[in-house]
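Each remark here refers to the structure printed beneath this line.
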Amino acid sequence: MLWGVLQFPGSCDERDAVRACSLAGEARLLWHEDPDLGGVDAVVVPGGFSYGDYLRAGAIARISRAMESVAEFAAAGGPVLGICNGFQVLCEAGLLPGALLRNEDLRFVCRQVELVAVEADSPFLAGIEAGETLSIPVKHGEGRYYAPPEVLERIEAGGQVAFRYAPGQNPNGSVGDIAGVLNEAGNVLGLMPHPEHAVDAMTGSTDGLRLFAGVQGAFV
Amino acid sequence: MKARVLIRPKEGILDPQGKAVERALPALGFDGIEHVRVGRMVELEAEDPGRLAELCSKLLANPLIEDFEIESIDGA
Amino acid sequence: MPEETEMDRHSLPRPGAAGVASKHRELGLTDAEYRLIVEKLGREPNDVELAMFSLLWSEHCAYKHSRKLLRRLPTEGERVVMGPGENAGAVDVGNGMAIAFKVESHNHPSAVEPFEGAATGVGGILRDVFALGARPIAILDSLRFGELDSERSRFLLDGAVRGIGHYGNSIGVPTVGGEIYFESPYEHNCLVNAMCVGLARQEEMVRAAAAGVGNAVVLMGASTGRDGIGGASVLASAELGDGDEEKRPTVQIGDPFEESKLLECCLELLERDLLVSLQDLGAAGLTSSAGEMAAAGGVGIDLDVDRVPLREADMEPFEIMVSESQERMLAVVEPAKVADVLAICEKWQTGSAEIGVVTDSGAIRVLRGEDVVGEMPVEALVDGCPLYDLDPAAPEGWTYGNRASLEPGGPAEETLLRLLAAPSIASKRWAFQQYDSVVGSRTARRPESADAAVLAIPEAGNAIAVSIDGNGRRVACDPHAGTVEAVLECAQNLACVGAEPLGVTNCLNFGNPEKPTGAWQLDRSVAGLAEACEALGVPVVGGNVSLYNEGPDGPIYPTPVIGMVGELPDPVAAAGSGFAAVGEAIALIGPFAPSLQGSELAKLRGELGMGLPEPDIEAVAAACSLVRDAARAGAVSSVHDVSDGGLACALAECAIGGGIGCRVDLLPLLERGCTPEEALFGEASGGFVVTGAAADLESLGGGEVAVLRIGETGGGEIAIGAGDAQLTVSVGDAGQAWSSLSDRLG
């Protein structure tokens, strides 16, 4: 299968995402100005500081031509993974509910965290059992997930919470310890932690591979 | 029209920046300051002021988490 | 060869002489220097020329007091691809790849505005590296502040760490290592030294020399404003005192997003072979870039300030020439390729403008449209600055004061916990967790997991290790020995992860070289640096000097900061520093001969004074080789170098890192002739703590390098016997003490 990783001015982890996706198929970069997604089977909106996080993180990137195509791709059921800044872009684009705010202690935080998978119906969670823990690094300054009470109730009840930080591991004050959120259809996942940085034993854990492999498995 | 848009976090949303500012003030000798909210300000000149509100809610502010207020600067 | 002139720099103006310009003094030039400029120009300089000379002839740009000393440093070697004089140094790492690296200071701006000072320090060093055509792959930083009980120091620490994080994280280059120290001599003059490491294909690397008469000079990146005008001479060549509030306008503001675009643009331009040469704009902006490019190429350059994209209206020519606006690069481009260059800049949304031309005039000419508003011979501007000899004299005794906070004679447990909790020794987790250390997917060893950062270089089929280590207090005790120790510390850190040193960069942070003690410190330190690098066979490929770091209480500790890069064959094999398993043997390797002189314990007891034992470089080098080979062969399961706080602290750090205790007897070390207290808390070069199977460790011994079996891992306590002294501390309590800095800072 072919993964497409978006690249905006200011993206940082797009090459890391390409490297990770290449372990679960083939992968290429998609330039933000190009509306043609090149026939990819899945899209990754990567981490970084697209457009310098100007105005609000992800606010400008979501307007790009490529993101318009991604919205269509998602509406048609295509798998879309937004990592960190990518999660922010997807929320700004309205493809995912809620928003990401400044970390509670106002500091950027980079450390390994334990995530707990929640029961959810999504190709990203194929091959990951509910309740399983994954060790994945976070690195962000604006990762506090927020949704107004009615929205929060709806996504909790509707099985749209995909991952939570393990007890005591919430690095940013996210409501409900939420680390990852799905859209209603389950094909779009937004995740604050970076699975693309957990695919190689040399650099740490390999738990992140499970997410990419899950989609690849579901695709075949 | 010259306009100034004030954007602030919605009531009820935790504003750690506001809290940090509030906590720092007594040490400088300013007591009795509460409910500090930290937001953003955008200034612009618009040929058609009629579409300003739409522009604000589509880009300058995120209506899910922010409120905005448009002020005219040149009295128009 | 540029002519050097010994100048009487204490000359006073002739009293009552009408028309003697004193503008030059406000800009930091001495009367004698001004007269020399007049002589070289054959006339009085106008404002544009005076501004440009004042910057390029400042200490910060011209290295007036250090250049002669730096000539002592060994700069050549088989693996050197670029030596001093280019934007950064570079070494061959195999398979046609090179590692470019350099360290630079941004001390004075950071003392005034720590966030922007540190951020732009990172921005500047990144540009130095990608100006060579190397993609930055790592950042490290060395920071020194006053003691933490000072609110000012906490303010500076907080700002600097946020600034480094802001810039490095936003541009997507991992910050993989560093050090932070707290000592009162840095109270009024903090040190912020930023190091960058980059990777390049040797055939794609580019030099800075301008070439090709008729070639275009193109300015790329951000627009030019009034940032840092006069920054170099006003801030960096003068001691900080009252009134630094007014210096705030001269502090530069950085934009990492702008730099990210500029970086991608430059690398693509180089990949497509569109540039003749490239130079970053740092201190003294267009003046130094154009000047240095022209000097290196033996050519002249004409620049038209009207064609420079400006951020502020009505900027005068001299302002445009000395502006230190960030995120700008200068390139020389063949006329036929200019259109392509501008198109690629457009693609990356970064500014670009053709602002000048390379000439054979041997002069820098500043034009405003048709009018020439400044004209100086390149040689006079760049190399004509007088170089000064120092007037060194050793101090009478210890001049930095003492402040006791620990009574001698207390239980060894208490001493260990106090040392582990000392801010200079304690875990710096609070700081490095604010840095992205994983972007780029190369980081095999994250901060505090091993003694050096390890980065995979699959392009060359191997890996590199990087360490940055400075030394201030001990260099004050003995500048020669202390500096040798700093170099050895780097080599030891690299050996711990199995790396062989390839090259060194250094930043010399010192006080006023015009004072006899300052001169003595600088002179002896550079001698030590040269001797250590020569003996280790590691060339110095670049560096930086920051002088005049003095405040109302006197000078900083003389602080050479060494950045060293080494190579290792396999990043996966690199052992960590924490104990790896229960029931393994522990050995002390190396000629470790500890002394309390200059130690952290001596500091806590208020017993600092002059003098340090001189390290045995050869013996330490032999130990490094042994440890390096053992680490590569997988014969050791963990390796940790003994440094601040001595052997007891090193063992405690290993225990905390691995979550495993140890039972150790230092009798073999006492037999070498030190006291129990020296064995526990004394400091020196040449000590490695290693663990592994008893047989494996034993087989390391028997040669010229001492291998002392001292104990075994296991249990929940750190139990160390040293003759009459005994200590037992739980791993939990030790961990708490070691984490206390991070806990305290929140």
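So you can find residues: chains in the structure tokens are A, B, ... in the order shown, residues in each start at 1, and ligands are numbered from 1 in order.
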
key: Which of region 627-704 of chain C DSSP labels alpha helix (DSSP H), written as number ranges by chain   = C: 627-633, 646-658, 667-670, 676-681, 694-700

message = Using only C-alpha atoms and a cut-off of 7 Å, which residues of chain A sit close to chain B? Please list them as a PyMOL selection string.
response = chain A and resi 59+104-106

Interface, chain A side, toward chain C (6 Å; only C-alpha atoms) as a list in words =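 Result: Gly10, Cys12, Phe49, Gly52, Phe108, Val109, Cys110, Met202 and Thr203 of chain A.
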
Restricted to all heavy atoms, what would the selected residues look like written as an mmCIF file, in the first residue's frame?
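As a result, part21.cif now contains:
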data_model
loop_
_atom_site.group_PDB
_atom_site.id
_atom_site.type_symbol
_atom_site.label_atom_id
_atom_site.label_comp_id
_atom_site.auth_asym_id
_atom_site.auth_seq_id
_atom_site.Cartn_x
_atom_site.Cartn_y
_atom_site.Cartn_z
ATOM 1 N N GLY A 10 7.581 24.346 7.455
ATOM 2 C CA GLY A 10 7.586 24.255 8.913
ATOM 3 C C GLY A 10 7.277 22.877 9.465
ATOM 4 O O GLY A 10 7.351 22.660 10.681
ATOM 5 N N CYS A 12 8.169 19.254 10.619
ATOM 6 C CA CYS A 12 9.446 18.758 11.136
ATOM 7 C C CYS A 12 9.579 17.240 11.022
ATOM 8 O O CYS A 12 10.660 16.733 10.760
ATOM 9 C CB CYS A 12 9.617 19.106 12.608
ATOM 10 S SG CYS A 12 9.725 20.870 12.911
ATOM 11 N N PHE A 49 5.854 22.263 13.143
ATOM 12 C CA PHE A 49 5.344 23.608 13.415
ATOM 13 C C PHE A 49 4.946 24.237 12.092
ATOM 14 O O PHE A 49 5.517 25.247 11.673
ATOM 15 C CB PHE A 49 6.438 24.456 14.093
ATOM 16 C CG PHE A 49 6.736 24.028 15.499
ATOM 17 C CD1 PHE A 49 7.501 22.895 15.739
ATOM 18 C CD2 PHE A 49 6.254 24.750 16.578
ATOM 19 C CE1 PHE A 49 7.786 22.489 17.034
ATOM 20 C CE2 PHE A 49 6.536 24.354 17.885
ATOM 21 C CZ PHE A 49 7.299 23.226 18.105
ATOM 22 N N GLY A 52 4.943 27.895 11.286
ATOM 23 C CA GLY A 52 5.415 28.473 12.528
ATOM 24 C C GLY A 52 4.402 28.459 13.641
ATOM 25 O O GLY A 52 4.563 29.162 14.640
ATOM 26 N N PHE A 108 6.911 23.181 26.893
ATOM 27 C CA PHE A 108 7.080 22.109 25.909
ATOM 28 C C PHE A 108 7.551 20.879 26.673
ATOM 29 O O PHE A 108 8.389 20.986 27.569
ATOM 30 C CB PHE A 108 8.137 22.542 24.903
ATOM 31 C CG PHE A 108 8.328 21.594 23.748
ATOM 32 C CD1 PHE A 108 7.662 21.807 22.554
ATOM 33 C CD2 PHE A 108 9.170 20.489 23.856
ATOM 34 C CE1 PHE A 108 7.832 20.940 21.474
ATOM 35 C CE2 PHE A 108 9.350 19.619 22.792
ATOM 36 C CZ PHE A 108 8.684 19.845 21.592
ATOM 37 N N VAL A 109 7.039 19.723 26.322
ATOM 38 C CA VAL A 109 7.472 18.515 27.020
ATOM 39 C C VAL A 109 7.830 17.425 26.016
ATOM 40 O O VAL A 109 7.065 17.142 25.090
ATOM 41 C CB VAL A 109 6.395 18.004 28.008
ATOM 42 C CG1 VAL A 109 5.079 17.698 27.300
ATOM 43 C CG2 VAL A 109 6.867 16.744 28.722
ATOM 44 N N CYS A 110 9.011 16.847 26.186
ATOM 45 C CA CYS A 110 9.444 15.734 25.344
ATOM 46 C C CYS A 110 9.814 14.581 26.266
ATOM 47 O O CYS A 110 10.811 14.656 26.972
ATOM 48 C CB CYS A 110 10.633 16.139 24.485
ATOM 49 S SG CYS A 110 11.350 14.776 23.543
ATOM 50 N N MET A 202 16.551 0.896 17.967
ATOM 51 C CA MET A 202 17.732 1.730 18.205
ATOM 52 C C MET A 202 17.362 3.041 18.877
ATOM 53 O O MET A 202 18.115 3.577 19.688
ATOM 54 C CB MET A 202 18.447 2.039 16.886
ATOM 55 C CG MET A 202 19.642 2.938 17.085
ATOM 56 S SD MET A 202 20.265 3.674 15.563
ATOM 57 C CE MET A 202 19.012 4.887 15.218
ATOM 58 N N THR A 203 16.211 3.600 18.552
ATOM 59 C CA THR A 203 15.857 4.895 19.116
ATOM 60 C C THR A 203 14.855 4.789 20.257
ATOM 61 O O THR A 203 14.459 5.794 20.824
ATOM 62 C CB THR A 203 15.270 5.834 18.041
ATOM 63 O OG1 THR A 203 14.137 5.190 17.440
ATOM 64 C CG2 THR A 203 16.288 6.167 16.974
#

Nearest to chain C, chosen from B:Val38, B:Val21, B:Met1, B:Ala27, with only C-alpha atoms counted in the distances = B:Ala27

request  = Can you pull out every residue within 6 Å of region 113-124 of chain A, counting only C-alpha atoms, but drop anything in the same chain fewer than 5 positions away, and send it as a list in words?
outcome  =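 Neighbouring residues, sequence-local ones excluded: Ala130, Gly131, Glu132, Thr133, Leu134, Ser135, Ile136, Pro137, Gly159, Ala162, Phe163, Arg164, Tyr165, Ala166, Gly186, Asn187, Leu211, Gly214, Val215 and Ala218 of chain A.
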
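Our summary of the geometry notes that CA of Asn493 (chain C) is positioned 21.4 Å from CA of Gly77 (chain C).
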
request  = Mind checking which residues fall within 9 Å of Gly86 (chain A), counting only C-alpha atoms, ignoring those fewer than 4 positions away in the same chain, and posting them as a PyMOL selection string?
outcome  = chain A and resi 44-48+50+58+81-82+90-91+190-192

query = Quick one: residues within 8 Å of Thr728 (chain C), only C-alpha atoms counted, chain neighbours fewer than 3 positions away excluded, as a list of chain:residue names?
reply = C:Glu413, C:Glu717, C:Ile718, C:Ala719, C:Ile720

What would the file look like if the residues just selected were written as a short mmCIF file (atom, residue, chain, number, x, y, z; two decimals), in the first residue's frame with C-alpha atoms?
data_model
loop_
_atom_site.label_atom_id
_atom_site.label_comp_id
_atom_site.auth_asym_id
_atom_site.auth_seq_id
_atom_site.Cartn_x
_atom_site.Cartn_y
_atom_site.Cartn_z
CA GLU C 413 25.90 9.85 53.52
CA GLU C 717 21.32 0.43 48.41
CA ILE C 718 24.50 2.19 47.37
CA ALA C 719 27.01 0.85 49.87
CA ILE C 720 30.57 2.14 49.52
#

task = Name the residues in contact with Glu500 (chain C) at a cut-off of 12 Å, using only C-alpha atoms, excluding same-chain residues fewer than 4 positions from it; report them as a PyMOL selection string.
result = chain C and resi 93+452+463-467+490-496+504+536-538+564-569+621+624-629+631-632

key: Near-region 701-711 of chain C list (7 Å; only C-alpha atoms; drop same-chain fewer than 6 positions) as a list in words   = Ala585, Ile586, Ala587, Leu588, Ile589, Gly590, Pro591, Ala622, Ala623, Arg663, Val664, Asp665, Leu666 and Pro668 of chain C

Take the residues from that selection and put them in a file with all heavy atoms, as a CSV table (one decimal), in the first residue's frame.
chain,number,residue,atom,x,y,z
C,585,ALA,N,29.9,-7.5,37.9
C,585,ALA,CA,31.1,-6.9,38.6
C,585,ALA,C,31.2,-5.5,38.2
C,585,ALA,O,30.7,-5.0,37.1
C,585,ALA,CB,32.3,-7.7,38.1
C,586,ILE,N,31.7,-4.7,39.1
C,586,ILE,CA,32.0,-3.3,38.9
C,586,ILE,C,33.5,-3.0,38.9
C,586,ILE,O,34.2,-3.5,39.9
C,586,ILE,CB,31.3,-2.4,40.0
C,586,ILE,CG1,29.8,-2.7,40.1
C,586,ILE,CG2,31.6,-0.9,39.6
C,586,ILE,CD1,29.2,-1.9,41.2
C,587,ALA,N,34.0,-2.3,38.0
C,587,ALA,CA,35.4,-2.0,38.0
C,587,ALA,C,35.7,-0.5,37.7
C,587,ALA,O,34.9,0.1,37.1
C,587,ALA,CB,36.2,-2.8,36.9
C,588,LEU,N,36.8,0.0,38.3
C,588,LEU,CA,37.2,1.3,38.0
C,588,LEU,C,38.4,1.3,37.1
C,588,LEU,O,39.4,0.6,37.4
C,588,LEU,CB,37.6,2.0,39.3
C,588,LEU,CG,38.3,3.4,39.2
C,588,LEU,CD1,37.3,4.4,38.7
C,588,LEU,CD2,38.8,3.8,40.6
C,589,ILE,N,38.3,1.8,35.9
C,589,ILE,CA,39.3,1.8,34.9
C,589,ILE,C,40.0,3.1,34.8
C,589,ILE,O,39.3,4.2,34.7
C,589,ILE,CB,38.8,1.3,33.6
C,589,ILE,CG1,38.2,-0.1,33.7
C,589,ILE,CG2,39.9,1.4,32.5
C,589,ILE,CD1,37.7,-0.6,32.3
C,590,GLY,N,41.3,3.1,34.7
C,590,GLY,CA,42.0,4.4,34.4
C,590,GLY,C,42.9,4.9,35.5
C,590,GLY,O,42.9,4.4,36.6
C,591,PRO,N,43.7,5.9,35.2
C,591,PRO,CA,44.8,6.4,36.1
C,591,PRO,C,44.2,7.4,37.1
C,591,PRO,O,44.8,8.3,37.6
C,591,PRO,CB,45.7,7.1,35.2
C,591,PRO,CG,44.9,7.6,34.1
C,591,PRO,CD,43.8,6.6,33.9
C,622,ALA,N,45.2,6.4,27.1
C,622,ALA,CA,45.3,4.9,27.0
C,622,ALA,C,44.1,4.3,27.6
C,622,ALA,O,43.5,3.3,27.1
C,622,ALA,CB,46.6,4.5,27.7
C,623,ALA,N,43.6,4.9,28.7
C,623,ALA,CA,42.4,4.4,29.3
C,623,ALA,C,41.2,4.6,28.4
C,623,ALA,O,40.3,3.7,28.3
C,623,ALA,CB,42.1,5.1,30.7
C,663,ARG,N,27.4,-2.7,45.9
C,663,ARG,CA,28.3,-2.9,47.1
C,663,ARG,C,29.7,-2.7,46.6
C,663,ARG,O,30.2,-3.5,45.8
C,663,ARG,CB,28.0,-4.3,47.6
C,663,ARG,CG,28.0,-4.3,49.1
C,663,ARG,CD,27.5,-5.7,49.7
C,663,ARG,NE,27.3,-6.7,48.7
C,663,ARG,CZ,26.1,-7.1,48.2
C,663,ARG,NH1,25.0,-6.5,48.6
C,663,ARG,NH2,26.1,-8.0,47.3
C,664,VAL,N,30.4,-1.7,47.1
C,664,VAL,CA,31.7,-1.3,46.6
C,664,VAL,C,32.7,-1.1,47.7
C,664,VAL,O,32.4,-0.6,48.8
C,664,VAL,CB,31.5,0.0,45.8
C,664,VAL,CG1,32.9,0.6,45.5
C,664,VAL,CG2,30.8,-0.3,44.5
C,665,ASP,N,33.9,-1.6,47.4
C,665,ASP,CA,35.0,-1.3,48.4
C,665,ASP,C,36.1,-0.6,47.7
C,665,ASP,O,36.7,-1.2,46.7
C,665,ASP,CB,35.5,-2.6,49.0
C,665,ASP,CG,36.5,-2.4,50.1
C,665,ASP,OD1,37.0,-1.3,50.2
C,665,ASP,OD2,36.9,-3.4,50.8
C,666,LEU,N,36.5,0.6,48.1
C,666,LEU,CA,37.5,1.3,47.4
C,666,LEU,C,38.9,1.1,47.9
C,666,LEU,O,39.8,1.9,47.6
C,666,LEU,CB,37.1,2.8,47.5
C,666,LEU,CG,35.8,3.2,46.8
C,666,LEU,CD1,35.5,4.7,46.9
C,666,LEU,CD2,35.7,2.7,45.4
C,668,PRO,N,41.3,-0.8,46.8
C,668,PRO,CA,42.3,-0.8,45.8
C,668,PRO,C,42.6,0.6,45.4
C,668,PRO,O,43.8,0.9,45.0
C,668,PRO,CB,41.6,-1.5,44.6
C,668,PRO,CG,40.5,-2.3,45.2
C,668,PRO,CD,40.1,-1.6,46.4

key: Picked from chain B by DSSP as strand (DSSP E), as a PyMOL selection string   = chain B and resi 2-9+40-45+66-72

query = Suppose you want the space between CA of Ile37 (chain C) and CA of Ala62 (chain C); what is it in Å?
reply = 14.3 Å

inquiry  = Report, in Å to a single decimal, how far apart CA of Pro560 (chain C) and CA of Val122 (chain C) are.
reply    =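 It comes out at 18.7 Å.
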